[in-house]
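**Student:** File structure.txt below, compact mmCIF, C-alpha atoms and all ligand atoms:
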# COMPACT_ATOMS: atom_id res chain seq x y z
CA MET A 1 21.97 -197.45 116.27
CA HIS A 2 21.09 -197.80 112.65
CA ARG A 3 23.29 -198.21 109.57
CA ASN A 4 20.83 -196.12 107.53
CA MET A 5 22.32 -193.17 109.25
CA TYR A 6 25.70 -194.20 107.93
CA VAL A 7 27.99 -191.31 107.50
CA CYS A 8 31.36 -191.76 105.82
CA THR A 9 33.53 -190.45 108.56
CA LEU A 10 37.02 -189.13 108.65
CA HIS A 11 37.88 -192.43 110.31
CA THR A 12 36.50 -194.33 107.34
CA TYR A 13 38.43 -192.12 104.99
CA ILE A 14 41.66 -192.56 106.91
CA HIS A 15 41.15 -196.29 107.24
CA GLU A 16 40.43 -196.78 103.56
CA SER A 17 43.23 -194.53 102.42
CA SER A 18 45.93 -195.76 104.77
CA ASN A 19 47.88 -197.40 101.93
CA SER A 20 46.85 -195.31 98.99
CA VAL A 21 44.86 -192.24 98.11
CA LEU A 22 41.24 -193.13 97.35
CA PRO A 23 40.31 -192.91 93.66
CA GLY A 24 38.93 -189.50 92.87
CA LEU A 25 40.33 -187.92 96.02
CA LYS A 26 43.15 -185.46 95.76
CA GLN A 27 45.06 -184.27 98.81
CA GLU A 28 45.08 -180.64 99.86
CA LYS A 29 47.76 -178.99 101.92
CA THR A 30 45.75 -178.05 105.03
CA ASN A 31 45.93 -180.48 107.88
CA VAL A 32 43.01 -182.07 109.67
CA LYS A 33 43.30 -182.70 113.39
CA TYR A 34 41.30 -185.56 114.81
CA ILE A 35 41.03 -187.72 117.90
CA GLN A 36 41.65 -191.42 117.51
CA ALA A 37 40.96 -194.15 120.05
CA THR A 38 44.11 -196.12 119.35
CA LYS A 39 42.53 -199.22 120.96
CA PHE A 40 39.54 -199.95 123.18
CA GLY A 41 40.16 -198.82 126.74
CA GLY A 42 40.08 -195.89 129.13
CA PRO A 43 40.27 -192.17 128.28
CA GLU A 44 44.05 -192.48 127.84
CA VAL A 45 43.57 -194.25 124.48
CA LEU A 46 42.27 -190.98 122.98
CA THR A 47 45.08 -189.44 120.98
CA LEU A 48 45.22 -186.25 118.89
CA LEU A 49 46.50 -186.98 115.38
CA GLU A 50 46.87 -185.10 112.10
CA THR A 51 46.32 -185.99 108.48
CA GLN A 52 45.88 -184.17 105.20
CA THR A 53 42.49 -182.74 104.38
CA PRO A 54 40.51 -185.03 102.05
CA THR A 55 38.54 -183.83 99.04
CA PRO A 56 34.95 -185.17 99.19
CA GLY A 57 34.03 -187.90 96.72
CA ASP A 58 30.76 -188.26 94.80
CA GLY A 59 27.72 -187.33 96.89
CA MET A 60 29.88 -186.24 99.82
CA LEU A 61 30.55 -183.02 101.69
CA LEU A 62 33.70 -181.88 103.43
CA VAL A 63 32.54 -180.10 106.59
CA GLU A 64 34.62 -177.97 108.93
CA VAL A 65 33.46 -178.98 112.40
CA LYS A 66 32.48 -176.08 114.66
CA ALA A 67 31.12 -178.22 117.51
CA ALA A 68 31.49 -181.95 118.18
CA GLY A 69 28.93 -183.13 120.73
CA VAL A 70 30.05 -185.52 123.45
CA ASN A 71 27.61 -188.29 124.33
CA TYR A 72 27.71 -191.10 126.87
CA LEU A 73 27.66 -193.33 123.81
CA ASP A 74 31.21 -192.12 123.01
CA LEU A 75 32.44 -193.66 126.26
CA ALA A 76 30.72 -196.94 125.46
CA ALA A 77 32.33 -196.95 122.00
CA ARG A 78 35.76 -196.11 123.41
CA SER A 79 35.44 -198.98 125.89
CA GLY A 80 34.50 -201.43 123.10
CA PHE A 81 30.86 -201.83 124.17
CA TYR A 82 29.17 -200.27 121.14
CA PRO A 83 28.41 -202.91 118.47
CA GLN A 84 28.42 -200.29 115.68
CA ILE A 85 32.17 -199.84 116.34
CA PRO A 86 33.43 -203.43 116.31
CA ALA A 87 37.16 -202.66 116.09
CA ALA A 88 39.75 -200.06 117.08
CA PRO A 89 41.47 -197.82 116.12
CA PHE A 90 38.53 -195.57 115.38
CA SER A 91 37.70 -191.89 115.66
CA PRO A 92 34.91 -191.16 118.17
CA GLY A 93 32.22 -188.48 117.92
CA PHE A 94 28.69 -189.21 116.75
CA GLU A 95 27.31 -185.74 116.10
CA ILE A 96 28.73 -182.60 114.56
CA VAL A 97 27.69 -179.09 113.65
CA GLY A 98 29.76 -177.22 111.11
CA VAL A 99 30.17 -175.42 107.82
CA VAL A 100 30.49 -176.93 104.35
CA LYS A 101 34.00 -176.41 102.99
CA SER A 102 33.67 -178.28 99.70
CA VAL A 103 31.09 -180.29 97.81
CA GLY A 104 31.59 -183.57 95.94
CA ASN A 105 30.27 -184.37 92.46
CA GLY A 106 26.56 -184.93 92.19
CA VAL A 107 25.65 -183.10 95.39
CA GLU A 108 22.61 -180.87 95.12
CA GLY A 109 21.24 -178.47 97.71
CA PHE A 110 24.52 -177.71 99.52
CA LYS A 111 27.26 -175.20 98.78
CA GLU A 112 30.42 -173.98 100.44
CA GLY A 113 29.65 -171.88 103.52
CA ASP A 114 26.34 -173.58 104.37
CA SER A 115 25.72 -174.34 108.05
CA VAL A 116 24.96 -178.03 108.59
CA ALA A 117 24.58 -180.70 111.26
CA ALA A 118 24.87 -184.48 111.15
CA ILE A 119 24.59 -187.56 113.31
CA THR A 120 27.60 -189.67 112.37
CA MET A 121 26.87 -193.21 113.49
CA GLU A 122 30.30 -194.57 112.62
CA GLY A 123 32.08 -191.88 114.59
CA GLY A 124 34.65 -189.40 113.28
CA GLY A 125 33.07 -186.31 114.81
CA TYR A 126 35.99 -185.44 117.12
CA ALA A 127 37.85 -183.68 114.32
CA THR A 128 38.45 -180.34 112.69
CA HIS A 129 36.94 -181.71 109.46
CA ILE A 130 34.75 -184.61 108.46
CA VAL A 131 33.55 -186.09 105.17
CA ILE A 132 29.84 -186.93 105.28
CA PRO A 133 27.23 -187.93 102.69
CA ALA A 134 25.09 -185.00 101.62
CA ALA A 135 22.04 -187.25 101.85
CA ALA A 136 22.50 -187.66 105.63
CA THR A 137 23.31 -184.00 106.30
CA ILE A 138 20.85 -181.64 107.99
CA PRO A 139 20.83 -178.09 106.55
CA LEU A 140 20.68 -175.38 109.23
CA PRO A 141 19.62 -171.76 109.07
CA PRO A 142 22.62 -169.44 109.50
CA GLY A 143 23.37 -167.80 112.83
CA LEU A 144 22.63 -170.70 115.22
CA ASP A 145 25.15 -171.42 117.95
CA PRO A 146 26.84 -174.71 116.93
CA ALA A 147 27.14 -175.99 120.53
CA ASN A 148 23.43 -175.44 121.19
CA VAL A 149 22.52 -177.26 117.99
CA ALA A 150 24.79 -180.16 119.01
CA ALA A 151 22.83 -180.48 122.26
CA LEU A 152 19.61 -180.95 120.30
CA LEU A 153 20.94 -183.78 118.14
CA VAL A 154 21.42 -187.23 119.77
CA GLN A 155 20.43 -186.19 123.30
CA GLY A 156 17.71 -183.68 122.39
CA LEU A 157 16.12 -185.93 119.78
CA THR A 158 16.18 -188.97 122.07
CA ALA A 159 14.64 -187.03 124.97
CA TYR A 160 11.92 -185.71 122.66
CA MET A 161 11.14 -189.14 121.22
CA LEU A 162 11.09 -190.88 124.61
CA LEU A 163 8.38 -188.51 125.83
CA GLU A 164 6.47 -188.92 122.59
CA GLU A 165 6.75 -192.73 122.58
CA THR A 166 5.47 -192.91 126.15
CA LYS A 167 2.71 -190.36 125.40
CA VAL A 168 3.51 -188.19 128.40
CA LYS A 169 0.65 -185.80 129.15
CA ALA A 170 -0.30 -183.14 131.66
CA GLY A 171 -0.63 -184.53 135.18
CA ASP A 172 1.55 -187.60 134.59
CA ALA A 173 4.33 -188.30 137.06
CA VAL A 174 7.51 -188.86 135.04
CA LEU A 175 10.63 -190.35 136.61
CA ILE A 176 13.84 -189.41 134.74
CA SER A 177 17.26 -190.98 135.37
CA ALA A 178 20.50 -188.97 135.05
CA ALA A 179 18.26 -185.90 135.13
CA ALA A 180 21.17 -183.42 135.15
CA GLY A 181 22.88 -185.06 132.14
CA GLY A 182 22.77 -184.10 128.48
CA LEU A 183 19.66 -186.10 127.62
CA GLY A 184 18.09 -185.98 131.09
CA SER A 185 18.26 -182.19 131.38
CA ILE A 186 16.33 -181.81 128.13
CA ALA A 187 13.84 -184.55 129.09
CA VAL A 188 13.09 -182.78 132.40
CA GLN A 189 12.30 -179.49 130.63
CA LEU A 190 10.23 -181.09 127.87
CA ALA A 191 8.23 -183.14 130.40
CA LYS A 192 7.54 -180.00 132.45
CA ALA A 193 6.46 -178.18 129.28
CA LYS A 194 3.90 -180.96 128.74
CA GLY A 195 2.53 -180.31 132.24
CA ALA A 196 3.94 -183.43 133.89
CA THR A 197 5.19 -183.74 137.45
CA VAL A 198 8.88 -184.56 137.17
CA ILE A 199 10.95 -186.60 139.58
CA GLY A 200 14.62 -186.38 138.59
CA LEU A 201 17.08 -189.07 139.63
CA ALA A 202 20.61 -187.74 140.09
CA SER A 203 23.68 -187.75 142.29
CA LYS A 204 23.26 -185.47 145.30
CA SER A 205 25.78 -182.91 144.03
CA LYS A 206 23.45 -182.23 141.05
CA PHE A 207 20.22 -181.63 142.98
CA GLY A 208 20.46 -177.85 142.49
CA THR A 209 20.86 -178.27 138.70
CA VAL A 210 17.87 -180.61 138.43
CA LYS A 211 15.68 -178.27 140.50
CA GLN A 212 16.70 -175.34 138.32
CA LEU A 213 15.65 -177.31 135.25
CA GLY A 214 12.15 -177.36 136.73
CA ALA A 215 11.91 -180.81 138.33
CA ASP A 216 9.36 -181.01 141.13
CA PHE A 217 11.36 -183.56 143.12
CA VAL A 218 14.94 -184.81 143.00
CA VAL A 219 16.00 -188.16 144.42
CA ASP A 220 19.51 -189.60 144.76
CA TYR A 221 19.39 -192.99 143.06
CA ASN A 222 22.71 -193.94 144.65
CA ASP A 223 20.82 -194.13 147.93
CA ALA A 224 19.52 -197.65 148.70
CA GLN A 225 16.17 -196.12 149.75
CA TRP A 226 15.65 -194.16 146.51
CA ALA A 227 12.45 -195.94 145.51
CA ALA A 228 10.87 -195.15 148.89
CA SER A 229 11.74 -191.46 148.37
CA VAL A 230 10.08 -191.49 144.93
CA ARG A 231 7.00 -193.20 146.41
CA GLU A 232 6.79 -190.53 149.07
CA ALA A 233 7.03 -187.81 146.39
CA VAL A 234 4.34 -189.15 144.04
CA GLY A 235 1.97 -190.61 146.64
CA SER A 236 -0.87 -192.89 145.55
CA GLN A 237 -0.76 -191.61 141.95
CA GLY A 238 2.40 -193.64 141.35
CA VAL A 239 4.70 -193.11 138.37
CA GLN A 240 3.15 -193.13 134.89
CA VAL A 241 6.43 -193.04 132.94
CA TYR A 242 9.99 -194.03 133.87
CA LEU A 243 12.72 -192.90 131.44
CA ASP A 244 15.53 -195.27 132.39
CA SER A 245 19.16 -195.16 131.22
CA ILE A 246 20.37 -197.50 133.95
CA GLY A 247 18.72 -200.66 132.65
CA ASP A 248 18.48 -202.57 135.93
CA PRO A 249 15.08 -204.32 136.08
CA SER A 250 15.83 -205.75 139.51
CA THR A 251 15.28 -202.39 141.23
CA GLU A 252 12.09 -201.48 142.99
CA ALA A 253 10.96 -199.30 140.09
CA PHE A 254 8.21 -201.77 139.17
CA SER A 255 6.53 -201.20 142.49
CA LEU A 256 6.44 -197.45 141.72
CA LEU A 257 4.64 -197.74 138.39
CA SER A 258 0.91 -197.12 138.21
CA THR A 259 -1.59 -199.20 136.25
CA PHE A 260 -0.79 -198.82 132.53
CA GLY A 261 2.59 -197.34 133.50
CA HIS A 262 5.48 -197.26 130.99
CA TRP A 263 9.08 -198.18 131.83
CA ILE A 264 11.22 -197.34 128.82
CA VAL A 265 14.88 -198.39 128.85
CA PHE A 266 17.25 -196.48 126.57
CA GLY A 267 20.60 -197.03 128.29
CA ALA A 268 22.30 -199.93 130.00
CA ARG A 269 24.72 -198.54 132.56
CA SER A 270 23.93 -201.33 135.06
CA ALA A 271 22.47 -203.97 132.78
CA GLY A 272 22.82 -207.70 133.33
CA LYS A 273 20.53 -208.19 136.30
CA PRO A 274 17.47 -210.44 135.91
CA LEU A 275 13.84 -209.38 135.99
CA PRO A 276 12.48 -210.67 139.32
CA PRO A 277 9.34 -212.89 139.16
CA GLU A 278 7.33 -210.44 141.29
CA ALA A 279 8.01 -207.74 138.69
CA ILE A 280 6.60 -209.98 135.95
CA GLY A 281 3.55 -210.57 138.12
CA ARG A 282 3.06 -206.85 138.60
CA MET A 283 3.48 -206.16 134.88
CA ILE A 284 0.63 -208.56 134.17
CA GLU A 285 -1.64 -207.46 136.98
CA GLU A 286 -1.21 -203.73 136.34
CA ASN A 287 -0.86 -203.67 132.53
CA ILE A 288 2.63 -202.19 132.85
CA THR A 289 4.76 -201.89 129.72
CA LEU A 290 8.52 -202.51 129.83
CA ARG A 291 10.22 -201.68 126.55
CA GLY A 292 13.40 -200.39 124.97
CA TYR A 293 14.13 -197.41 122.75
CA ASN A 294 16.80 -196.63 120.17
CA LEU A 295 16.92 -193.32 118.30
CA GLY A 296 18.47 -195.07 115.32
CA ALA A 297 15.22 -196.97 114.74
CA SER A 298 13.15 -193.76 114.63
CA LEU A 299 14.98 -191.79 111.97
CA GLN A 300 11.82 -190.90 110.09
CA HIS A 301 10.77 -188.63 112.98
CA ILE A 302 13.98 -186.60 113.05
CA PRO A 303 13.01 -183.66 110.79
CA ARG A 304 9.77 -183.01 112.70
CA ALA A 305 11.35 -183.57 116.12
CA LEU A 306 14.33 -181.35 115.33
CA GLY A 307 12.00 -178.62 114.05
CA ASP A 308 10.11 -178.71 117.35
CA LEU A 309 13.32 -178.72 119.38
CA PHE A 310 14.62 -175.65 117.53
CA LYS A 311 11.30 -173.93 118.22
CA PHE A 312 11.43 -174.80 121.94
CA PHE A 313 14.98 -173.53 122.13
CA ALA A 314 14.11 -170.29 120.31
CA ASP A 315 11.05 -169.55 122.49
CA GLY A 316 12.89 -170.29 125.73
CA THR A 317 10.98 -173.48 126.63
CA LEU A 318 14.33 -175.24 126.48
CA LYS A 319 17.46 -173.86 128.10
CA ILE A 320 20.70 -175.67 127.57
CA GLU A 321 23.74 -175.60 129.80
CA ILE A 322 26.81 -175.94 127.60
CA THR A 323 30.39 -176.66 128.62
CA ASN A 324 32.94 -176.26 125.84
CA TYR A 325 36.37 -177.88 125.74
CA PRO A 326 39.08 -177.73 123.08
CA LEU A 327 39.33 -180.83 120.86
CA ALA A 328 42.69 -181.73 122.41
CA ASP A 329 40.95 -182.18 125.80
CA ALA A 330 38.91 -185.18 124.62
CA ALA A 331 40.59 -187.58 127.10
CA LYS A 332 40.02 -185.15 129.98
CA VAL A 333 36.36 -184.78 128.99
CA HIS A 334 35.90 -188.56 128.89
CA THR A 335 37.45 -188.80 132.35
CA LEU A 336 35.03 -186.19 133.71
CA PHE A 337 32.07 -187.95 132.05
CA GLY A 338 33.08 -191.34 133.46
CA GLU A 339 33.50 -189.82 136.94
CA ARG A 340 29.96 -188.38 136.70
CA LYS A 341 31.31 -184.83 136.99
CA THR A 342 29.51 -183.30 134.00
CA THR A 343 26.08 -181.70 133.73
CA GLY A 344 24.14 -180.58 130.65
CA LYS A 345 25.76 -180.66 127.22
CA VAL A 346 29.49 -181.12 126.81
CA VAL A 347 30.99 -180.06 123.49
CA LEU A 348 34.44 -180.24 121.92
CA ILE A 349 35.36 -177.17 119.90
CA PRO A 350 38.00 -177.99 117.27
N1 LIG B 1 18.87 -195.43 123.07
C1 LIG B 1 19.24 -194.31 122.44
O1 LIG B 1 18.91 -194.07 121.29
C2 LIG B 1 20.07 -193.33 123.22
C3 LIG B 1 20.41 -192.09 122.65
C4 LIG B 1 21.15 -191.18 123.44
C5 LIG B 1 21.57 -191.52 124.72
N2 LIG B 1 21.25 -192.75 125.21
C6 LIG B 1 21.63 -193.14 126.59
O2 LIG B 1 21.11 -192.15 127.45
C7 LIG B 1 21.94 -192.03 128.59
C8 LIG B 1 22.27 -190.57 128.77
O3 LIG B 1 23.17 -190.18 127.74
P1 LIG B 1 23.89 -188.77 127.75
O4 LIG B 1 24.77 -188.76 126.57
O5 LIG B 1 22.91 -187.69 127.95
O6 LIG B 1 24.81 -188.89 129.05
P2 LIG B 1 24.70 -188.12 130.44
O7 LIG B 1 23.40 -188.46 131.09
O8 LIG B 1 25.04 -186.69 130.28
O9 LIG B 1 25.86 -188.88 131.21
C9 LIG B 1 26.51 -188.36 132.29
C10 LIG B 1 25.73 -188.57 133.59
O10 LIG B 1 25.15 -189.89 133.68
C11 LIG B 1 24.97 -190.26 135.04
N3 LIG B 1 25.39 -191.64 135.27
C12 LIG B 1 24.61 -192.61 135.78
N4 LIG B 1 25.27 -193.75 135.86
C13 LIG B 1 26.51 -193.53 135.41
C14 LIG B 1 27.66 -194.33 135.25
N5 LIG B 1 27.67 -195.63 135.59
N6 LIG B 1 28.76 -193.78 134.72
C15 LIG B 1 28.78 -192.49 134.35
N7 LIG B 1 27.71 -191.67 134.48
C16 LIG B 1 26.58 -192.18 135.01
C17 LIG B 1 25.82 -189.26 135.84
O11 LIG B 1 24.92 -188.38 136.48
P3 LIG B 1 24.49 -188.70 138.00
O12 LIG B 1 25.78 -188.64 138.80
O13 LIG B 1 23.53 -187.64 138.37
O14 LIG B 1 23.92 -190.07 137.98
C18 LIG B 1 26.62 -188.54 134.79
O15 LIG B 1 26.96 -187.22 135.17
C19 LIG B 1 23.13 -192.94 128.34
O16 LIG B 1 22.91 -194.17 129.01
C20 LIG B 1 23.12 -193.14 126.84
O17 LIG B 1 23.72 -194.34 126.46
C21 LIG B 1 20.52 -193.65 124.49
What do you get writing this file as structure tokens?

**Tutor:**
Amino acid sequence: MHRNMYVCTLHTYIHESSNSVLPGLKQEKTNVKYIQATKFGGPEVLTLLETQTPTPGDGMLLVEVKAAGVNYLDLAARSGFYPQIPAAPFSPGFEIVGVVKSVGNGVEGFKEGDSVAAITMEGGGYATHIVIPAAATIPLPPGLDPANVAALLVQGLTAYMLLEETKVKAGDAVLISAAAGGLGSIAVQLAKAKGATVIGLASKSKFGTVKQLGADFVVDYNDAQWAASVREAVGSQGVQVYLDSIGDPSTEAFSLLSTFGHWIVFGARSAGKPLPPEAIGRMIEENITLRGYNLGASLQHIPRALGDLFKFFADGTLKIEITNYPLADAAKVHTLFGERKTTGKVVLIP
């Protein structure tokens, strides 16, 4: 994602201050707990550490984290596959919701006690406290549940933007991968709210969850015949939009797309396979669009999109399943994520 969304993370602070205290920063007595990936690798590299609480520098806020959202992205970063995190050790966690504890010089519009949220593209969210630039901090009305807000950040915003970018409308058939996951579960509900027919792709054990979210059909994409099952579900209408976090263009998905269909790739869990020549032929013949999407390149839409997501959550259009874990369970949570055992939003509570 994008450097514009740079947030000076606890990791950055710790890294920069490992030999000396940063100029203008004085140490307080309270301790900060944070998770560090000591090196790139499996969940076992996630270690709970402690350091002294920093004082925010110019333009910065010290925020007490109330909810640290877990994203699939965190697993990619931990494994060393996220270019934004080129080296370990680092502190994972790319979104937080919390309360301002102290305000650096020159900050306007924030004060101690304010509820805030942030997307922290350099990590550092898995912590009791984080230092972030005020300019990249989202003010929140008081009284919102931090875990619910976390669900609306990276995953909610991406789901919202994917449907907007592909111009999903009433009557469209929308195919959604990992439909029971954090992003997928929101995409299913938002697509239904637009009047689309939704076909969720998920492991069999999650069929009940995807149905409850409102999907019209659920198909197990681990089954070799999954494309035939989708074809049977949508009939001659075909699929107008495929929201794809798998990133394998060699599948039969091209044959499912209707004329002017959109295949939008936003994840790469099985990337590396080539685009077959027949798929290129079909793209040309049927005016099919294959494209990528990255939330980090759409930052200008965030205030509007987040406003809509809050509204949908408040009016019940959007229901979010939350599973909370203590911060110290970060490694366990990553194991569950990697084993495909999670549904909905997973949050670490420091
Ligand atoms: N481009 C962007 O800006 C952007 C932003 C946010 C997220 N994303 C991408 O969107 C996707 C969804 O993210 P998320 O955070 O909401 O995660 P998530 O979907 O909640 O991830 C967990 C679920 O993904 C499914 N899955 C499919 N293949 C998997 C695999 N090889 N390993 C583990 N799980 C797998 C599993 O469900 P089943 O068992 O049902 O398959 C699993 O339970 C990810 O690929 C993420 O990188 C992209």

**Student:** Kindly assemble as a Markdown table a list of the chain A residues that lie within 8 Å of ligand LIG 1 (chain B), each paired with its nearest atom pair and their distance in Å to one decimal, using only C-alpha atoms and all ligand atoms, sorted first by chain and then by ascending residue number.

**Tutor:**
| residue | atom | partner | partner_atom | distance |
| --- | --- | --- | --- | --- |
| A:Met1 | CA | B:LIG1 | O1 | 6.8 |
| A:Val70 | CA | B:LIG1 | O4 | 6.9 |
| A:Asn71 | CA | B:LIG1 | O4 | 3.6 |
| A:Tyr72 | CA | B:LIG1 | O4 | 3.8 |
| A:Leu73 | CA | B:LIG1 | O17 | 4.9 |
| A:Ala76 | CA | B:LIG1 | O17 | 7.5 |
| A:Val154 | CA | B:LIG1 | C4 | 5.4 |
| A:Gln155 | CA | B:LIG1 | C4 | 5.0 |
| A:Thr158 | CA | B:LIG1 | C3 | 5.3 |
| A:Ala159 | CA | B:LIG1 | C4 | 7.9 |
| A:Ser177 | CA | B:LIG1 | O14 | 7.2 |
| A:Ala178 | CA | B:LIG1 | O14 | 4.6 |
| A:Ala179 | CA | B:LIG1 | O13 | 6.4 |
| A:Ala180 | CA | B:LIG1 | O13 | 5.8 |
| A:Gly181 | CA | B:LIG1 | O8 | 3.3 |
| A:Gly182 | CA | B:LIG1 | O5 | 3.6 |
| A:Leu183 | CA | B:LIG1 | O5 | 3.6 |
| A:Gly184 | CA | B:LIG1 | O7 | 5.9 |
| A:Ser185 | CA | B:LIG1 | O5 | 8.0 |
| A:Leu201 | CA | B:LIG1 | O13 | 6.7 |
| A:Ala202 | CA | B:LIG1 | O13 | 3.4 |
| A:Ser203 | CA | B:LIG1 | O13 | 3.9 |
| A:Lys204 | CA | B:LIG1 | O13 | 7.3 |
| A:Ser205 | CA | B:LIG1 | O13 | 7.7 |
| A:Lys206 | CA | B:LIG1 | O13 | 6.0 |
| A:Asp220 | CA | B:LIG1 | O13 | 7.8 |
| A:Tyr221 | CA | B:LIG1 | O14 | 7.4 |
| A:Asn222 | CA | B:LIG1 | O14 | 7.8 |
| A:Ser245 | CA | B:LIG1 | O16 | 4.5 |
| A:Ile246 | CA | B:LIG1 | N4 | 6.5 |
| A:Val265 | CA | B:LIG1 | N1 | 7.6 |
| A:Phe266 | CA | B:LIG1 | N1 | 4.0 |
| A:Gly267 | CA | B:LIG1 | O16 | 3.7 |
| A:Ala268 | CA | B:LIG1 | O16 | 5.9 |
| A:Arg269 | CA | B:LIG1 | N5 | 5.1 |
| A:Ser270 | CA | B:LIG1 | N5 | 6.8 |
| A:Gly292 | CA | B:LIG1 | N1 | 7.6 |
| A:Tyr293 | CA | B:LIG1 | N1 | 5.1 |
| A:Asn294 | CA | B:LIG1 | O1 | 3.5 |
| A:Leu295 | CA | B:LIG1 | O1 | 3.7 |
| A:Gly296 | CA | B:LIG1 | O1 | 6.1 |
| A:Phe337 | CA | B:LIG1 | C9 | 5.6 |
| A:Gly338 | CA | B:LIG1 | C15 | 4.5 |
| A:Glu339 | CA | B:LIG1 | C15 | 6.0 |
| A:Arg340 | CA | B:LIG1 | O15 | 3.6 |
| A:Lys341 | CA | B:LIG1 | O15 | 5.3 |
| A:Thr342 | CA | B:LIG1 | O15 | 4.8 |
| A:Thr343 | CA | B:LIG1 | O15 | 5.8 |
| A:Gly344 | CA | B:LIG1 | O8 | 6.2 |
| A:Lys345 | CA | B:LIG1 | O8 | 6.8 |
| A:Val346 | CA | B:LIG1 | O8 | 7.9 |

**Student:** Atom CA of A:Glu252 and atom CA of A:Ile176 are how many Å apart?

**Tutor:**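 Going from atom CA of A:Glu252 over to atom CA of A:Ile176, I get 14.7 Å.
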
**Student:** I'd like to know which of A:Val103, A:Ala68, A:Ala135, A:Val230 is closest to A:Pro54, using all atoms listed in the file.

**Tutor:**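 Checking each candidate against A:Pro54, we get A:Val103 as the closest.
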
**Student:** For atom CA of A:Gln36 and atom CA of A:Gly124, quote the distance in Å rounded to one decimal.

**Tutor:** 8.4 Å

**Student:** Rounded to one decimal in Å, what is the spacing between atom CA of A:Asn324 and atom CA of A:Val347?

**Tutor:** 4.9 Å

**Student:** Compare A:Gly200, A:Pro274, A:Gly208, A:Pro326 by their minimum atom-to-atom distance to A:Tyr242, counting only C-alpha atoms, and give me the closest one.

**Tutor:** A:Gly200

**Student:** Please list as a PyMOL selection string every residue within 9 Å of stretch 41-53 of chain A, counting all atoms listed in the file and excluding residues in the same chain fewer than 3 positions away.

**Tutor:** chain A and resi 14+27-38+62+75+78-80+91-92+129-130+327-328+330-335+338

**Student:** With all atoms listed in the file as the counted atoms, please give the residues lying no more than 12 Å from stretch 231-234 of chain A, apart from itself and same-chain residues fewer than 3 positions off, as an MDAnalysis selection string.

**Tutor:** chainID A and resid 171:175 196:200 215:219 225:228 237:241 252:258

**Student:** Determine the nearest neighbour of A:Ala271 from the options A:Asp145, A:Thr128, A:Asp248, A:Glu321, counting only C-alpha atoms.

**Tutor:** A:Asp248

**Student:** List the spatial neighbours of A:Leu275 as a PyMOL selection string - criterion: any atom at most 8 Å away, only C-alpha atoms, same-chain residues fewer than 3 positions off excluded.

**Tutor:** chain A and resi 249-250+279-280

**Student:** My list of candidates is A:Leu348, A:Leu157, A:Val100, A:Ile132. Which is closest to A:Gly57 when distances are computed with all atoms listed in the file?

**Tutor:**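 Residue with the minimum atom-to-atom distance to A:Gly57: A:Ile132.
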
**Student:** Given the choices A:Pro83, A:Gly261, A:Pro146, A:Pro277, which gets closest to A:Thr289 if the distance is worked out from all atoms listed in the file?

**Tutor:**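 Ranking A:Pro83, A:Gly261, A:Pro146, A:Pro277 by distance to A:Thr289, first place goes to A:Gly261.
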
**Student:** Could you check which of A:Asp308, A:Glu112, A:Thr251, A:Phe260 is closest to A:Lys273, using all atoms listed in the file?

**Tutor:**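 Using all atoms listed in the file, A:Lys273 sits closest to A:Thr251.
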
**Student:** If you count all atoms listed in the file, which residues fall within 8 Å of A:Thr259, apart from same-chain ones fewer than 4 positions away, as an MDAnalysis selection string?

**Tutor:** chainID A and resid 240 286:288

**Student:** Could you please take those selected residues and save C-alpha atoms as a tab-separated table (two decimals), keeping the file's coordinate frame?

**Tutor:**
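Full text of out13.tsv as output:
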chain	number	residue	atom	x	y	z
A	240	GLN	CA	3.15	-193.13	134.89
A	286	GLU	CA	-1.21	-203.73	136.34
A	287	ASN	CA	-0.86	-203.67	132.53
A	288	ILE	CA	2.63	-202.19	132.85
